[in-house]
$ cat input_25.cif   # mmCIF, C-alpha atoms
data_structure
loop_
_atom_site.label_atom_id
_atom_site.label_comp_id
_atom_site.auth_asym_id
_atom_site.auth_seq_id
_atom_site.Cartn_x
_atom_site.Cartn_y
_atom_site.Cartn_z
CA MET K 1 43.67 0.42 -24.10
CA SER K 2 43.58 -1.86 -21.00
CA VAL K 3 41.02 -4.59 -20.49
CA VAL K 4 39.41 -2.81 -17.56
CA HIS K 5 39.05 0.53 -19.35
CA MET K 6 37.94 -0.63 -22.78
CA PRO K 7 34.36 0.64 -22.29
CA LEU K 8 35.73 4.05 -21.33
CA GLY K 9 37.53 4.22 -24.66
CA TRP K 10 34.33 3.33 -26.50
CA THR K 11 32.36 6.19 -25.02
CA GLY K 12 34.28 9.17 -26.33
CA PRO K 13 36.76 10.37 -28.93
CA SER K 14 40.40 9.92 -28.10
CA GLY K 15 40.97 13.60 -28.68
CA SER K 16 38.35 14.73 -26.16
CA THR K 17 40.03 16.62 -23.29
CA SER K 18 37.05 16.36 -20.93
CA ALA K 19 36.62 12.66 -21.71
CA ARG K 20 40.30 11.96 -21.04
CA SER K 21 40.12 13.84 -17.74
CA THR K 22 37.07 11.86 -16.62
CA VAL K 23 38.68 8.55 -17.62
CA ARG K 24 41.85 9.45 -15.74
CA ALA K 25 39.88 10.33 -12.61
CA MET K 26 38.04 7.01 -12.75
CA GLU K 27 41.31 5.10 -13.22
CA VAL K 28 42.96 6.73 -10.21
CA GLY K 29 39.86 6.24 -8.07
CA GLN K 30 39.62 2.58 -9.02
CA HIS K 31 43.29 1.91 -8.17
CA VAL K 32 42.98 3.64 -4.79
CA ILE K 33 39.81 1.69 -3.94
CA ALA K 34 41.42 -1.62 -4.91
CA VAL K 35 44.53 -1.05 -2.76
CA VAL K 36 42.68 0.37 0.25
CA LEU K 37 39.97 -2.32 0.36
CA THR K 38 42.50 -5.12 -0.12
CA ALA K 39 44.64 -3.72 2.72
CA ILE K 40 41.56 -3.53 4.96
CA GLY K 41 40.61 -7.10 4.10
CA VAL K 42 44.11 -8.44 4.81
CA SER K 43 44.48 -6.58 8.12
CA ARG K 44 41.03 -7.60 9.39
CA ALA K 45 41.55 -11.19 8.27
CA VAL K 46 44.80 -11.35 10.28
CA GLY K 47 43.03 -9.81 13.24
CA ASP K 48 40.28 -12.42 12.86
CA GLY K 49 42.83 -15.24 13.31
CA VAL K 50 43.80 -16.05 9.72
CA ALA K 51 47.49 -16.88 9.27
CA LEU K 52 49.44 -13.90 7.94
CA PRO K 53 50.88 -15.72 4.88
CA VAL K 54 47.42 -16.94 3.89
CA ALA K 55 45.83 -13.50 4.28
CA VAL K 56 48.66 -11.80 2.39
CA ALA K 57 48.52 -14.42 -0.39
CA SER K 58 44.78 -13.78 -0.77
CA GLY K 59 45.36 -10.04 -0.98
CA VAL K 60 48.20 -10.45 -3.50
CA ALA K 61 46.01 -12.71 -5.68
CA ILE K 62 43.25 -10.08 -5.72
CA LEU K 63 45.59 -7.18 -6.52
CA GLY K 64 47.49 -9.28 -9.05
CA TRP K 65 44.35 -10.11 -11.01
CA HIS K 66 43.15 -6.52 -10.86
CA THR K 67 46.55 -5.23 -11.99
CA ALA K 68 46.60 -7.70 -14.88
CA GLY K 69 43.34 -6.27 -16.16
CA VAL K 70 44.68 -2.73 -15.85
CA VAL K 71 48.18 -3.04 -17.36
CA LEU K 72 47.69 -5.74 -19.98
CA PRO K 73 46.53 -4.13 -23.24
CA SER K 74 43.57 -5.63 -25.02
CA ARG K 75 44.13 -6.75 -28.63
CA THR K 76 40.42 -6.91 -29.30
CA ARG K 77 37.36 -4.95 -28.27
CA SER K 78 35.31 -8.02 -27.38
CA ARG K 79 32.89 -7.79 -24.49
CA ARG K 80 33.44 -11.51 -23.93
CA LEU K 81 36.98 -10.70 -22.80
CA LEU K 82 35.60 -8.23 -20.27
CA VAL K 83 33.08 -10.71 -18.95
CA TRP K 84 35.69 -13.45 -18.45
CA TRP K 85 38.08 -11.07 -16.74
CA LEU K 86 35.34 -9.89 -14.36
CA VAL K 87 34.15 -13.45 -13.71
CA GLY K 88 37.74 -14.46 -12.90
CA PHE K 89 38.05 -11.52 -10.54
CA ALA K 90 34.81 -12.52 -8.81
CA ALA K 91 36.04 -16.13 -8.48
CA ILE K 92 39.33 -15.05 -6.86
CA TRP K 93 37.42 -12.72 -4.54
CA THR K 94 35.02 -15.54 -3.58
CA ALA K 95 37.99 -17.76 -2.74
CA ALA K 96 39.40 -14.98 -0.55
CA VAL K 97 36.02 -14.64 1.20
CA VAL K 98 36.15 -18.37 1.94
CA VAL K 99 39.52 -17.76 3.61
CA SER K 100 38.10 -14.84 5.58
CA ALA K 101 34.73 -13.12 5.49
CA GLU K 102 36.58 -9.83 6.04
CA PHE K 103 37.38 -9.74 2.30
CA VAL K 104 33.71 -8.94 1.60
CA TRP K 105 34.79 -5.28 1.65
CA LEU K 106 36.09 -5.74 -1.91
CA ALA K 107 32.51 -6.24 -3.09
CA PHE K 108 32.34 -2.44 -3.52
CA LEU K 109 35.11 -2.64 -6.14
CA LEU K 110 33.26 -5.41 -7.97
CA TRP K 111 30.05 -3.38 -7.98
CA LEU K 112 31.91 -0.40 -9.41
CA LEU K 113 33.48 -2.57 -12.13
CA ALA K 114 30.14 -4.16 -12.97
CA GLY K 115 28.62 -0.71 -13.38
CA HIS K 116 30.95 0.39 -16.18
CA LEU K 117 32.04 -2.93 -17.71
CA LEU K 118 28.68 -4.65 -18.17
CA PRO K 119 25.38 -3.68 -19.80
CA LEU K 120 22.74 -2.60 -17.30
CA ARG K 121 20.82 -5.89 -17.23
CA TRP K 122 23.90 -8.10 -16.82
CA GLY K 123 25.46 -5.62 -14.42
CA LEU K 124 22.43 -5.85 -12.12
CA ALA K 125 22.45 -9.66 -12.25
CA PHE K 126 26.19 -9.80 -11.50
CA SER K 127 25.79 -7.32 -8.63
CA ALA K 128 22.97 -9.40 -7.18
CA LEU K 129 25.21 -12.49 -7.10
CA ILE K 130 27.95 -10.49 -5.37
CA LEU K 131 25.36 -9.28 -2.83
CA VAL K 132 24.34 -12.87 -2.08
CA VAL K 133 27.96 -13.78 -1.33
CA VAL K 134 28.34 -10.72 0.90
CA ILE K 135 25.21 -11.59 2.90
CA VAL K 136 25.90 -15.34 3.18
CA ALA K 137 29.62 -15.03 4.10
CA PRO K 138 29.08 -13.74 7.70
CA VAL K 139 26.48 -16.45 8.29
CA LEU K 140 28.92 -19.18 7.26
CA ASP K 141 31.77 -17.55 9.21
CA ARG K 142 29.99 -16.69 12.47
CA GLY K 143 26.81 -18.70 12.23
CA THR K 144 24.68 -15.59 12.70
CA THR K 145 23.83 -12.39 10.88
CA SER K 146 22.17 -9.05 11.60
CA TYR K 147 20.14 -6.35 9.90
CA ALA K 148 23.35 -4.36 9.42
CA ASP K 149 24.96 -7.31 7.62
CA VAL K 150 22.03 -7.31 5.16
CA PHE K 151 20.94 -3.71 4.69
CA GLY K 152 24.47 -2.29 4.80
CA PRO K 153 25.66 -4.23 1.72
CA VAL K 154 22.36 -3.57 -0.07
CA ILE K 155 22.69 0.19 0.39
CA GLY K 156 26.42 0.12 -0.38
CA GLY K 157 25.90 -1.99 -3.50
CA ILE K 158 23.19 0.30 -4.84
CA PHE K 159 25.35 3.35 -4.14
CA ALA K 160 28.50 1.87 -5.76
CA PHE K 161 26.68 0.58 -8.82
CA GLY K 162 24.80 3.86 -9.22
CA ILE K 163 27.98 5.93 -8.90
CA SER K 164 29.66 3.83 -11.60
CA ARG K 165 26.73 4.14 -14.00
CA GLY K 166 26.54 7.86 -13.30
CA TYR K 167 30.21 8.37 -14.15
CA LEU K 168 29.73 6.40 -17.34
CA GLN K 169 26.78 8.58 -18.34
CA LEU K 170 28.75 11.74 -17.54
CA LEU K 171 31.53 10.48 -19.78
CA ARG K 172 29.09 9.81 -22.60
CA ASP K 173 27.58 13.27 -22.17
CA ALA K 174 31.06 14.82 -22.30
CA ALA K 175 31.83 12.89 -25.48
CA GLU K 176 28.54 14.02 -27.03
CA ARG K 177 29.31 17.64 -26.15
CA GLU K 178 32.75 17.30 -27.74
CA ARG K 179 31.16 15.82 -30.85
CA LEU K 180 28.66 18.68 -31.07
CA VAL K 181 31.38 21.30 -30.60
CA THR K 182 33.48 19.64 -33.31
CA SER K 183 30.45 19.53 -35.59
CA LEU K 184 29.72 23.22 -34.98
CA ARG K 185 33.32 24.19 -35.70
CA SER K 186 33.24 22.16 -38.89
CA ALA K 187 29.96 23.81 -39.90
CA GLN K 188 31.43 27.27 -39.23
CA GLN K 189 34.46 26.45 -41.35
CA GLU K 190 32.28 25.15 -44.17
CA MET K 191 30.11 28.27 -43.99
CA ALA K 192 33.22 30.47 -44.18
CA GLU K 193 34.43 28.52 -47.21
CA LEU K 194 30.98 28.80 -48.75
CA GLN K 195 30.95 32.56 -48.22
CA ASP K 196 34.31 32.77 -49.99
CA GLU K 197 32.91 30.74 -52.86
CA LEU K 198 29.84 32.97 -53.04
CA VAL K 199 31.95 36.13 -53.11
CA LEU K 200 34.06 34.69 -55.91
CA ALA K 201 30.95 33.53 -57.75
CA GLN K 202 29.26 36.92 -57.47
CA ARG K 203 32.42 38.79 -58.47
CA HIS K 204 32.99 36.48 -61.41
CA SER K 205 29.35 36.66 -62.39
CA GLY K 206 29.55 40.46 -62.51
CA ALA K 207 32.72 40.30 -64.59
CA VAL K 208 31.13 37.85 -67.03
CA ALA K 209 28.02 40.01 -67.35
CA GLU K 210 30.14 43.12 -68.01
CA ARG K 211 32.25 41.36 -70.63
CA THR K 212 29.10 40.08 -72.29
CA ARG K 213 27.58 43.58 -72.33
CA ILE K 214 30.73 45.10 -73.85
CA SER K 215 30.97 42.42 -76.53
CA ARG K 216 27.33 42.93 -77.47
CA ASP K 217 27.72 46.72 -77.58
CA ILE K 218 30.79 46.46 -79.82
CA HIS K 219 29.02 43.99 -82.07
CA ASP K 220 25.84 46.04 -82.33
CA THR K 221 27.58 49.43 -82.91
CA ILE K 222 31.15 49.47 -84.21
CA ALA K 223 31.02 46.11 -85.99
CA GLN K 224 27.72 46.95 -87.68
CA ALA K 225 29.00 50.41 -88.69
CA LEU K 226 32.19 49.00 -90.18
CA SER K 227 30.23 46.37 -92.04
CA SER K 228 27.98 49.10 -93.49
CA ILE K 229 31.01 51.24 -94.50
CA ARG K 230 32.53 48.25 -96.25
CA LEU K 231 29.35 47.55 -98.21
CA LEU K 232 28.87 51.20 -99.19
CA THR K 233 32.47 51.67 -100.37
CA HIS K 234 32.28 48.46 -102.37
CA ALA K 235 29.08 49.65 -104.03
CA GLY K 236 30.57 53.13 -104.70
CA GLY K 237 33.73 51.70 -106.17
CA SER K 238 31.84 49.48 -108.55
CA ARG K 239 29.83 52.44 -109.97
CA THR K 240 32.60 54.98 -110.52
CA THR K 241 34.82 55.22 -113.65
CA ASP K 242 37.34 57.54 -112.01
CA GLU K 243 40.51 55.54 -111.37
CA ASP K 244 41.59 57.69 -108.41
CA ALA K 245 38.15 57.48 -106.82
CA SER K 246 38.02 53.75 -107.49
CA ARG K 247 41.42 53.31 -105.83
CA THR K 248 40.30 55.35 -102.80
CA PHE K 249 37.10 53.31 -102.47
CA ALA K 250 39.17 50.12 -102.58
CA GLN K 251 41.50 51.41 -99.84
CA VAL K 252 38.59 52.42 -97.64
CA GLU K 253 36.92 49.04 -98.21
CA ALA K 254 40.13 47.20 -97.31
CA LEU K 255 40.66 49.33 -94.21
CA ALA K 256 37.05 48.77 -93.10
CA GLY K 257 37.46 45.01 -93.69
CA ASP K 258 40.63 44.88 -91.60
CA SER K 259 39.02 46.92 -88.83
CA LEU K 260 35.93 44.69 -88.92
CA ALA K 261 38.14 41.60 -88.56
CA ASP K 262 39.86 43.16 -85.53
CA VAL K 263 36.52 44.05 -83.95
CA ARG K 264 35.19 40.52 -84.50
CA ARG K 265 38.35 39.10 -82.93
CA ILE K 266 37.81 41.29 -79.87
CA VAL K 267 34.14 40.27 -79.62
CA ALA K 268 35.11 36.61 -79.99
CA ALA K 269 37.71 36.98 -77.23
CA LEU K 270 35.15 38.49 -74.88
CA ALA K 271 32.14 36.31 -75.62
CA PRO K 272 33.53 32.75 -75.11
CA ALA K 273 34.49 33.50 -71.50
CA GLU K 274 30.79 33.56 -70.69
CA LEU K 275 30.47 29.86 -71.50
CA GLU K 276 33.97 28.52 -70.93
CA ASP K 277 34.57 30.03 -67.50
CA ALA K 278 31.14 30.73 -65.99
CA ALA K 279 31.03 31.64 -62.30
CA LEU K 280 29.05 28.61 -61.14
CA ALA K 281 31.14 26.12 -63.09
CA SER K 282 34.37 27.65 -61.77
CA ALA K 283 33.15 27.55 -58.16
CA LEU K 284 32.02 23.93 -58.55
CA ARG K 285 35.32 22.97 -60.11
CA ARG K 286 37.26 24.50 -57.20
CA MET K 287 34.97 22.75 -54.72
CA LEU K 288 35.51 19.37 -56.41
CA ASP K 289 39.26 19.92 -56.57
CA ARG K 290 39.27 20.60 -52.85
CA ALA K 291 37.23 17.43 -52.18
CA HIS K 292 39.77 15.47 -54.21
CA ASP K 293 42.74 16.96 -52.35
CA GLU K 294 41.26 16.62 -48.86
CA ALA K 295 39.20 13.40 -49.08
CA GLY K 296 40.72 11.59 -52.07
CA LEU K 297 37.44 11.59 -53.99
CA VAL K 298 37.57 11.02 -57.73
CA ALA K 299 35.50 14.06 -58.76
CA GLU K 300 34.07 14.84 -62.20
CA LEU K 301 32.25 17.94 -63.44
CA HIS K 302 30.18 18.01 -66.63
CA VAL K 303 28.63 21.28 -67.84
CA ASP K 304 26.14 21.46 -70.69
CA ASP K 305 27.54 23.57 -73.56
CA THR K 306 24.13 25.19 -74.08
CA LEU K 307 23.78 26.36 -70.47
CA PRO K 308 23.00 30.10 -70.55
CA LEU K 309 24.33 32.76 -68.21
CA LEU K 310 22.44 32.29 -64.93
CA ARG K 311 21.31 34.96 -62.54
CA THR K 312 23.44 35.31 -59.41
CA GLU K 313 20.59 34.15 -57.15
CA VAL K 314 20.22 30.91 -59.09
CA GLU K 315 23.97 30.27 -59.08
CA VAL K 316 24.17 30.91 -55.33
CA ALA K 317 21.29 28.50 -54.60
CA LEU K 318 22.86 25.75 -56.72
CA LEU K 319 26.28 26.37 -55.17
CA ARG K 320 24.85 26.06 -51.66
CA THR K 321 23.11 22.83 -52.64
CA ALA K 322 26.32 21.40 -54.11
CA GLN K 323 28.34 22.40 -51.04
CA SER K 324 25.88 20.70 -48.68
CA ALA K 325 25.58 17.60 -50.85
CA LEU K 326 29.37 17.21 -51.16
CA SER K 327 29.67 17.62 -47.39
CA ASN K 328 27.21 14.72 -46.95
CA VAL K 329 29.22 12.62 -49.40
CA ARG K 330 32.46 13.25 -47.52
CA LEU K 331 31.04 12.74 -44.01
CA HIS K 332 28.49 9.95 -44.44
CA ALA K 333 28.64 8.19 -47.81
CA GLY K 334 32.08 6.60 -47.66
CA ALA K 335 32.25 7.14 -51.42
CA THR K 336 35.29 7.01 -53.73
CA ARG K 337 33.76 8.81 -56.72
CA VAL K 338 31.36 11.71 -57.18
CA VAL K 339 29.99 13.19 -60.41
CA VAL K 340 28.40 16.64 -60.73
CA THR K 341 26.45 17.51 -63.89
CA LEU K 342 24.93 20.88 -64.89
CA THR K 343 22.26 20.56 -67.57
CA ASP K 344 20.27 23.09 -69.58
CA ASP K 345 16.72 21.76 -69.25
CA GLN K 346 14.94 24.29 -71.50
CA ASP K 347 13.42 26.80 -69.06
CA SER K 348 15.22 25.39 -66.04
CA VAL K 349 18.71 24.35 -64.98
CA ARG K 350 19.31 20.94 -63.39
CA MET K 351 22.25 19.92 -61.24
CA ASP K 352 22.78 16.19 -60.59
CA ILE K 353 25.20 14.95 -57.92
CA SER K 354 25.79 11.18 -57.74
CA ASP K 355 28.20 9.08 -55.71
CA ASP K 356 29.12 5.40 -55.30
CA GLY K 357 28.87 5.43 -51.51
CA ALA K 358 26.89 3.45 -48.94
CA GLY K 359 23.49 4.91 -49.85
CA PHE K 360 20.48 4.91 -47.53
CA ASP K 361 16.78 4.11 -47.35
CA VAL K 362 15.04 7.11 -48.93
CA ALA K 363 11.57 6.03 -47.79
CA ALA K 364 12.72 5.77 -44.18
CA TRP K 365 14.45 9.16 -44.46
CA GLU K 366 11.31 10.78 -45.85
CA GLN K 367 9.30 9.34 -42.97
CA ASP K 368 11.85 10.50 -40.37
CA ALA K 369 12.00 13.95 -41.97
CA GLY K 370 8.25 14.27 -41.63
CA ALA K 371 8.56 13.35 -37.97
CA GLY K 372 11.16 16.08 -37.37
CA SER K 373 14.38 14.07 -37.27
CA SER K 374 17.80 15.64 -36.81
CA SER K 375 18.80 15.00 -40.45
CA TYR K 376 18.67 18.62 -41.57
CA GLY K 377 21.01 18.76 -44.58
CA LEU K 378 18.73 17.42 -47.31
CA ARG K 379 15.68 19.05 -45.75
CA PHE K 380 17.32 22.49 -45.81
CA MET K 381 18.45 21.98 -49.41
CA ARG K 382 14.93 21.09 -50.48
CA ALA K 383 13.36 23.98 -48.58
CA ARG K 384 15.80 26.51 -50.08
CA LEU K 385 15.16 25.31 -53.64
CA ARG K 386 11.38 25.32 -53.15
CA GLU K 387 11.54 28.95 -52.03
CA LEU K 388 13.04 29.76 -55.44
CA GLY K 389 10.46 27.77 -57.38
CA GLY K 390 12.58 24.63 -57.77
CA GLY K 391 12.89 21.31 -56.03
CA LEU K 392 15.15 18.46 -54.94
CA ASP K 393 14.82 14.79 -55.92
CA VAL K 394 16.72 12.10 -54.00
CA GLU K 395 17.35 8.57 -55.23
CA SER K 396 19.32 6.09 -53.13
CA THR K 397 19.51 2.42 -52.23
CA PRO K 398 21.58 1.01 -49.34
CA GLY K 399 24.88 -0.18 -50.76
CA GLU K 400 24.31 1.31 -54.22
CA GLY K 401 25.14 5.00 -53.81
CA THR K 402 23.04 8.16 -53.87
CA ALA K 403 21.87 10.56 -56.58
CA VAL K 404 20.64 14.07 -55.72
CA SER K 405 18.99 16.19 -58.43
CA ALA K 406 18.33 19.91 -57.88
CA HIS K 407 16.37 21.96 -60.41
CA LEU K 408 15.56 25.68 -60.62
CA PRO K 409 13.85 27.85 -63.20
CA ILE K 410 16.42 29.92 -65.11
CA HIS K 411 14.32 33.09 -64.80
CA VAL K 412 13.08 33.35 -61.22
CA GLU K 413 10.60 35.96 -60.08
CA GLY K 414 10.22 37.24 -56.53
CA LEU K 415 13.57 35.97 -55.30
CA ARG K 416 14.40 36.50 -51.64
#
$ encode --input "input_25.cif" --output "structure tokens"
Amino acid sequence: MSVVHMPLGWTGPSGSTSARSTVRAMEVGQHVIAVVLTAIGVSRAVGDGVALPVAVASGVAILGWHTAGVVLPSRTRSRRLLVWWLVGFAAIWTAAVVVSAEFVWLAFLLWLLAGHLLPLRWGLAFSALILVVVIVAPVLDRGTTSYADVFGPVIGGIFAFGISRGYLQLLRDAAERERLVTSLRSAQQEMAELQDELVLAQRHSGAVAERTRISRDIHDTIAQALSSIRLLTHAGGSRTTDEDASRTFAQVEALAGDSLADVRRIVAALAPAELEDAALASALRRMLDRAHDEAGLVAELHVDDTLPLLRTEVEVALLRTAQSALSNVRLHAGATRVVVTLTDDQDSVRMDISDDGAGFDVAAWEQDAGAGSSSYGLRFMRARLRELGGGLDVESTPGEGTAVSAHLPIHVEGLR
């Protein structure tokens, strides 16, 4: 990054194609203007009677200082460095004007530089000083002036300064467009990932529900029947005196007991999957693993052992909330650790997401949200949960992290 073009680097992302093209065009235009105006000043100064070595030395000093600002990289991004470089350029130009008033042509280059190197207020003040030198120089050189010597520089200065500020604004607009496009692409990718998570969650939820139904059916039919057979054969065997019949009853009882043990093993193998590998917990775990792999976050997931099987609509709403909240943590919080907790809160389920990031002023956010700010993430989360009869609580303090708590009734009526 050169001294002269530091502000251009500030205005847009380095990866922005349109921003790079605009910067390149401004660089080329600035170099051409510097060389052409210096050549005009030198040639007119010689024609005005200035010794050739003196005129050439003045031109070389101007181009040398300008080139130094272009080719020497800046080690800092201090505006003070810019100001001193521009002040030095103006001082060298003023000395050249003292040699010959014909060097006033280079004022256009100074106005252009002031437009994109200085803030508006200081740029106007600097341009006004340059205009004073341009107007006074002919008076000191020839002893007279004219309306053209006054109004010409005024119009030219306004035009040059305005062109420079306009280019700078165009560059900022291009950078903003690039940022919006990048944000939209990121949002599309996140939505695609969320859709994948939802499909997996719904598929897994259906599988869990089917396994639960089968385990209950086996328990309520076959297991109960085998248990009854075992009890009846035991009672029959204890009442009979026939040794053969007693031996048969004992065999039937043993066979029923073994079959009942097998059935209970099958039911036990089916039923725990409902709690150990629930759809929502699995989706959250994959989401946290991805956040750890991509952003280096230390992610923890805690699921209440008593959490019942949730309806798909509730799981989807909580998954969307978690996805949006984790996106905020990765993009804005600057956190190193995030904890997600799913809790069975009697008739409702609560999901808490906390991080150790930068935090923010919740009161100011609430006020901005009411005024229709562009901070949509938390607002959309809250609106979605309220539609399902739940809500979203946000606790945060600048510098002390953020905690987001979403809650939904387990049994929701009238879901959309």
$ residues_near_point --input "input_25.cif" --point "(36.9, -15.3, 2.7)" --cutoff "12 Å" --atoms "only C-alpha atoms" --output "MDAnalysis selection string"
chainID K and resid 38 41:42 44:46 48 50 54:55 58:59 62 91:107 133:134 136:141
$ atom_distance --input "input_25.cif" --atom1 "CA of Asp344 (chain K)" --atom2 "CA of Leu388 (chain K)"
17.2 Å
$ residues_around --input "input_25.cif" --residues "region 146-162 of chain K" --least-positions-apart "5" --cutoff "7 Å" --atoms "all atoms listed in the file" --output "PyMOL selection string"
chain K and resi 108+111-112+115+131+135
$ resolve_selection --input "input_25.cif" --expression "the PyMOL selection byres ((chain K and resi 328) around 12)" --output "mmCIF file with C-alpha atoms, in the coordinates of the input"
data_model
loop_
_atom_site.group_PDB
_atom_site.id
_atom_site.type_symbol
_atom_site.label_atom_id
_atom_site.label_comp_id
_atom_site.auth_asym_id
_atom_site.auth_seq_id
_atom_site.Cartn_x
_atom_site.Cartn_y
_atom_site.Cartn_z
ATOM 1 C CA ALA K 187 29.960 23.810 -39.900
ATOM 2 C CA GLU K 190 32.280 25.150 -44.170
ATOM 3 C CA ALA K 291 37.230 17.430 -52.180
ATOM 4 C CA THR K 321 23.110 22.830 -52.640
ATOM 5 C CA ALA K 322 26.320 21.400 -54.110
ATOM 6 C CA GLN K 323 28.340 22.400 -51.040
ATOM 7 C CA SER K 324 25.880 20.700 -48.680
ATOM 8 C CA ALA K 325 25.580 17.600 -50.850
ATOM 9 C CA LEU K 326 29.370 17.210 -51.160
ATOM 10 C CA SER K 327 29.670 17.620 -47.390
ATOM 11 C CA VAL K 329 29.220 12.620 -49.400
ATOM 12 C CA ARG K 330 32.460 13.250 -47.520
ATOM 13 C CA LEU K 331 31.040 12.740 -44.010
ATOM 14 C CA HIS K 332 28.490 9.950 -44.440
ATOM 15 C CA ALA K 333 28.640 8.190 -47.810
ATOM 16 C CA GLY K 334 32.080 6.600 -47.660
ATOM 17 C CA ALA K 335 32.250 7.140 -51.420
ATOM 18 C CA VAL K 338 31.360 11.710 -57.180
ATOM 19 C CA ILE K 353 25.200 14.950 -57.920
ATOM 20 C CA SER K 354 25.790 11.180 -57.740
ATOM 21 C CA ASP K 355 28.200 9.080 -55.710
ATOM 22 C CA GLY K 357 28.870 5.430 -51.510
ATOM 23 C CA ALA K 358 26.890 3.450 -48.940
ATOM 24 C CA GLY K 359 23.490 4.910 -49.850
ATOM 25 C CA PHE K 360 20.480 4.910 -47.530
ATOM 26 C CA SER K 375 18.800 15.000 -40.450
ATOM 27 C CA TYR K 376 18.670 18.620 -41.570
ATOM 28 C CA GLY K 377 21.010 18.760 -44.580
ATOM 29 C CA LEU K 378 18.730 17.420 -47.310
ATOM 30 C CA MET K 381 18.450 21.980 -49.410
ATOM 31 C CA THR K 402 23.040 8.160 -53.870
ATOM 32 C CA ALA K 403 21.870 10.560 -56.580
ATOM 33 C CA VAL K 404 20.640 14.070 -55.720
#
$ resolve_selection --input "input_25.cif" --expression "the PyMOL selection byres ((chain K and resi 389) around 8)" --output "mmCIF file with C-alpha atoms, keeping the file's coordinate frame"
data_model
loop_
_atom_site.group_PDB
_atom_site.id
_atom_site.type_symbol
_atom_site.label_atom_id
_atom_site.label_comp_id
_atom_site.auth_asym_id
_atom_site.auth_seq_id
_atom_site.Cartn_x
_atom_site.Cartn_y
_atom_site.Cartn_z
ATOM 1 C CA LEU K 385 15.160 25.310 -53.640
ATOM 2 C CA ARG K 386 11.380 25.320 -53.150
ATOM 3 C CA GLU K 387 11.540 28.950 -52.030
ATOM 4 C CA LEU K 388 13.040 29.760 -55.440
ATOM 5 C CA GLY K 390 12.580 24.630 -57.770
ATOM 6 C CA GLY K 391 12.890 21.310 -56.030
ATOM 7 C CA LEU K 408 15.560 25.680 -60.620
ATOM 8 C CA PRO K 409 13.850 27.850 -63.200
ATOM 9 C CA VAL K 412 13.080 33.350 -61.220
#
$ residues_around --input "input_25.cif" --residues "Ile218 (chain K)" --least-positions-apart "6" --cutoff "9 Å" --atoms "only C-alpha atoms" --output "VMD selection string"
chain K and resid 224 263 to 264 266 to 267
$ resolve_selection --input "input_25.cif" --expression "the PyMOL selection byres ((chain K and resi 261) around 12)" --output "PyMOL selection string"
chain K and resi 219+222-224+226-227+230+254-260+262-268
$ atom_distance --input "input_25.cif" --atom1 "CA of Thr233 (chain K)" --atom2 "CA of Phe249 (chain K)"
5.3 Å
$ atom_distance --input "input_25.cif" --atom1 "CA of Arg80 (chain K)" --atom2 "CA of Arg179 (chain K)"
28.3 Å
$ closest_residue --input "input_25.cif" --among "K:His292, K:Leu170, K:Pro398, K:Ala34" --to "Val60 (chain K)" --atoms "all atoms listed in the file"
K:Ala34
$ residues_around --input "input_25.cif" --residues "region 297-301 of chain K" --least-positions-apart "5" --cutoff "7 Å" --atoms "only C-alpha atoms" --output "list in words"
Arg285, Leu288, Ala291, His292, Thr336, Arg337, Val338, Val339, Val340 and Thr341 of chain K
$ build_atoms --input "input_25.cif" --residues "region 230-236 of chain K" --atoms "N, CA, C and O atoms" --output "mmCIF file, keeping the file's coordinate frame"
data_model
loop_
_atom_site.group_PDB
_atom_site.id
_atom_site.type_symbol
_atom_site.label_atom_id
_atom_site.label_comp_id
_atom_site.auth_asym_id
_atom_site.auth_seq_id
_atom_site.Cartn_x
_atom_site.Cartn_y
_atom_site.Cartn_z
ATOM 1 N N ARG K 230 31.915 49.144 -95.261
ATOM 2 C CA ARG K 230 32.530 48.250 -96.250
ATOM 3 C C ARG K 230 31.585 48.022 -97.435
ATOM 4 O O ARG K 230 32.010 48.038 -98.605
ATOM 5 N N LEU K 231 30.309 47.790 -97.139
ATOM 6 C CA LEU K 231 29.350 47.550 -98.210
ATOM 7 C C LEU K 231 29.162 48.789 -99.087
ATOM 8 O O LEU K 231 29.080 48.714 -100.333
ATOM 9 N N LEU K 232 29.074 49.973 -98.441
ATOM 10 C CA LEU K 232 28.870 51.200 -99.190
ATOM 11 C C LEU K 232 30.069 51.530 -100.079
ATOM 12 O O LEU K 232 29.918 51.956 -101.241
ATOM 13 N N THR K 233 31.283 51.384 -99.566
ATOM 14 C CA THR K 233 32.470 51.670 -100.370
ATOM 15 C C THR K 233 32.612 50.679 -101.518
ATOM 16 O O THR K 233 33.049 51.039 -102.622
ATOM 17 N N HIS K 234 32.223 49.447 -101.290
ATOM 18 C CA HIS K 234 32.280 48.460 -102.370
ATOM 19 C C HIS K 234 31.286 48.825 -103.470
ATOM 20 O O HIS K 234 31.622 48.753 -104.678
ATOM 21 N N ALA K 235 30.085 49.251 -103.044
ATOM 22 C CA ALA K 235 29.080 49.650 -104.030
ATOM 23 C C ALA K 235 29.516 50.905 -104.779
ATOM 24 O O ALA K 235 29.354 51.035 -106.002
ATOM 25 N N GLY K 236 30.115 51.903 -104.053
ATOM 26 C CA GLY K 236 30.570 53.130 -104.700
ATOM 27 C C GLY K 236 31.710 52.879 -105.674
ATOM 28 O O GLY K 236 31.769 53.470 -106.766
#
